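Visitor: The structure's right below; bear with me while I get my questions together.
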Protein chains: 2
Amino acid sequence: MKRIELSETREFSPLGMKTILLHDSAHFKIINFNLKANALFPIHSHDLDGQLSILVIEGEGLFLADNEATMPARTGDMLISDIREPHGVKAITDMRIVVTIAPPI
Amino acid sequence: MKRIELSETREFSPLGMKTILLHDSAHFKIINFNLKANALFPIHSHDLDGQLSILVIEGEGLFLADNEATMPARTGDMLISDIREPHGVKAITDMRIVVTIAPPI
């Protein structure tokens, strides 16, 4: 059992995206990504079984999907995607997301 | 791929705890629990492999563990626990949490 304070991982990189691994186990991986305004988490996918959730905990941006589709990504919005499906995030404001991947990759 | 707005599931029950299943698949289950101030999500555990995360997205309370241990549970705090470990939540204010369980139970 462990407790994490996301207020302690509120770090941004001038390069655009800061990656903080919160947890990694045989069951799931949990990562906090902090994106500067206008930063891009490029669309990607992996040819693996599994799903991921992306929860916006601060700020505003867009979820990115295949064929240039976009969806609003505001604080409290969550995207659930197969790992195989192309997915990404574009920040509009400074933005923080928590990504959970199961099984971990 | 699906998008969920947690602002749309901000419902509280006069009975104490409102449970909203956000997602259930072979990979993980994601549930939003909304607790009224002073509501208790009693300590429990299951004799199963796997882990869960509890992320506080609003409000303040306590994470509960074995032997009457408690830990602060404020907005942005996350608890990660084995499914086998006793875990629970006590709300102090109205409180919203997102629980991710992998593999789903």
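Lettering and numbering for the structure tokens are positional, with chains as A, B, ... in the shown order, residues counted from 1 in each chain, and ligands counted from 1 in the shown order.
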Mind doing a quick least-squares superposition of chain A onto chain B, all C-alpha atoms paired one-to-one in order, and writing it out as a tab-separated table (two decimals) with C-alpha atoms, in the first residue's frame?
Guide:
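superposed.tsv written:
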chain	number	residue	atom	x	y	z
A	1	MET	CA	-12.41	4.48	-27.42
A	2	LYS	CA	-14.78	6.39	-25.21
A	3	ARG	CA	-14.80	9.72	-23.42
A	4	ILE	CA	-16.36	10.27	-20.01
A	5	GLU	CA	-17.07	13.61	-18.33
A	6	LEU	CA	-16.82	13.21	-14.58
A	7	SER	CA	-18.63	16.54	-14.24
A	8	GLU	CA	-21.67	14.59	-15.51
A	9	THR	CA	-21.48	11.99	-12.72
A	10	ARG	CA	-21.35	14.44	-9.81
A	11	GLU	CA	-24.33	12.92	-8.04
A	12	PHE	CA	-24.62	12.35	-4.33
A	13	SER	CA	-27.00	10.05	-2.49
A	14	PRO	CA	-28.65	10.99	0.80
A	15	LEU	CA	-27.79	7.45	1.88
A	16	GLY	CA	-24.10	8.31	1.83
A	17	MET	CA	-22.42	6.76	-1.20
A	18	LYS	CA	-23.29	6.93	-4.88
A	19	THR	CA	-21.61	4.38	-7.15
A	20	ILE	CA	-21.18	5.01	-10.88
A	21	LEU	CA	-19.55	2.33	-13.01
A	22	LEU	CA	-17.49	4.19	-15.60
A	23	HIS	CA	-15.86	1.26	-17.39
A	24	ASP	CA	-15.61	-2.50	-17.18
A	25	SER	CA	-13.51	-4.65	-19.46
A	26	ALA	CA	-11.23	-7.66	-19.34
A	27	HIS	CA	-8.38	-5.29	-18.46
A	28	PHE	CA	-9.67	-3.04	-15.69
A	29	LYS	CA	-12.74	-1.71	-13.98
A	30	ILE	CA	-13.13	2.01	-13.26
A	31	ILE	CA	-15.70	3.27	-10.77
A	32	ASN	CA	-16.59	6.74	-9.52
A	33	PHE	CA	-17.78	6.80	-5.91
A	34	ASN	CA	-19.28	10.03	-4.57
A	35	LEU	CA	-19.43	10.18	-0.78
A	36	LYS	CA	-21.44	12.63	1.26
A	37	ALA	CA	-19.58	14.32	4.11
A	38	ASN	CA	-19.01	11.79	6.91
A	39	ALA	CA	-19.92	8.82	4.70
A	40	LEU	CA	-17.89	5.66	5.11
A	41	PHE	CA	-16.65	3.29	2.41
A	42	PRO	CA	-15.97	0.47	4.86
A	43	ILE	CA	-12.65	-1.32	5.01
A	44	HIS	CA	-12.73	-4.48	2.95
A	45	SER	CA	-10.46	-6.78	0.93
A	46	HIS	CA	-10.76	-9.70	-1.45
A	47	ASP	CA	-8.60	-12.81	-1.58
A	48	LEU	CA	-7.62	-12.18	-5.20
A	49	ASP	CA	-4.51	-11.14	-7.06
A	50	GLY	CA	-4.50	-7.60	-8.40
A	51	GLN	CA	-4.20	-4.00	-7.35
A	52	LEU	CA	-6.36	-0.91	-7.25
A	53	SER	CA	-5.80	2.81	-7.24
A	54	ILE	CA	-8.03	5.33	-5.48
A	55	LEU	CA	-7.68	8.92	-6.73
A	56	VAL	CA	-9.43	11.73	-4.87
A	57	ILE	CA	-10.81	14.15	-7.46
A	58	GLU	CA	-12.75	16.39	-5.06
A	59	GLY	CA	-13.05	16.97	-1.34
A	60	GLU	CA	-11.24	15.62	1.64
A	61	GLY	CA	-11.28	12.55	3.81
A	62	LEU	CA	-9.13	9.70	5.02
A	63	PHE	CA	-7.79	6.55	3.42
A	64	LEU	CA	-8.37	3.65	5.81
A	65	ALA	CA	-6.06	0.68	6.21
A	66	ASP	CA	-5.53	-2.30	8.46
A	67	ASN	CA	-5.17	-1.89	12.23
A	68	GLU	CA	-7.15	1.36	12.21
A	69	ALA	CA	-4.40	3.17	10.29
A	70	THR	CA	-5.52	6.31	8.45
A	71	MET	CA	-3.87	8.55	5.85
A	72	PRO	CA	-4.95	11.96	4.55
A	73	ALA	CA	-7.04	11.72	1.37
A	74	ARG	CA	-7.29	15.16	-0.20
A	75	THR	CA	-7.97	16.17	-3.79
A	76	GLY	CA	-5.02	14.90	-5.83
A	77	ASP	CA	-4.06	12.19	-3.36
A	78	MET	CA	-3.87	8.61	-4.61
A	79	LEU	CA	-3.74	5.34	-2.71
A	80	ILE	CA	-2.43	2.20	-4.38
A	81	SER	CA	-3.24	-1.08	-2.68
A	82	ASP	CA	-3.25	-4.78	-3.32
A	83	ILE	CA	-6.80	-6.07	-3.61
A	84	ARG	CA	-5.88	-8.40	-0.74
A	85	GLU	CA	-4.94	-5.53	1.58
A	86	PRO	CA	-7.74	-4.05	3.68
A	87	HIS	CA	-8.64	-0.60	2.30
A	88	GLY	CA	-11.42	1.91	2.73
A	89	VAL	CA	-12.31	5.61	2.65
A	90	LYS	CA	-13.95	7.97	5.14
A	91	ALA	CA	-15.27	11.26	3.82
A	92	ILE	CA	-14.84	14.42	5.86
A	93	THR	CA	-16.34	16.80	3.30
A	94	ASP	CA	-18.41	15.73	0.29
A	95	MET	CA	-15.83	13.73	-1.61
A	96	ARG	CA	-15.40	12.14	-5.02
A	97	ILE	CA	-13.01	9.30	-5.82
A	98	VAL	CA	-12.10	7.33	-8.93
A	99	VAL	CA	-11.15	3.70	-8.30
A	100	THR	CA	-9.34	1.62	-10.93
A	101	ILE	CA	-9.12	-2.14	-10.35
A	102	ALA	CA	-6.80	-4.37	-12.40
A	103	PRO	CA	-7.60	-7.04	-13.22
A	104	PRO	CA	-11.30	-6.26	-12.76
A	105	ILE	CA	-13.18	-7.98	-9.92
Visitor: Enumerate as a PyMOL selection string all residues of chain B assigned to strand (DSSP E) by DSSP on the backbone, naming them with the chain letters and numbers the document uses.
Guide: chain B and resi 2-5+17-24+29-35+40-44+51-58+60-65+70-74+77-82+87-91+95-102
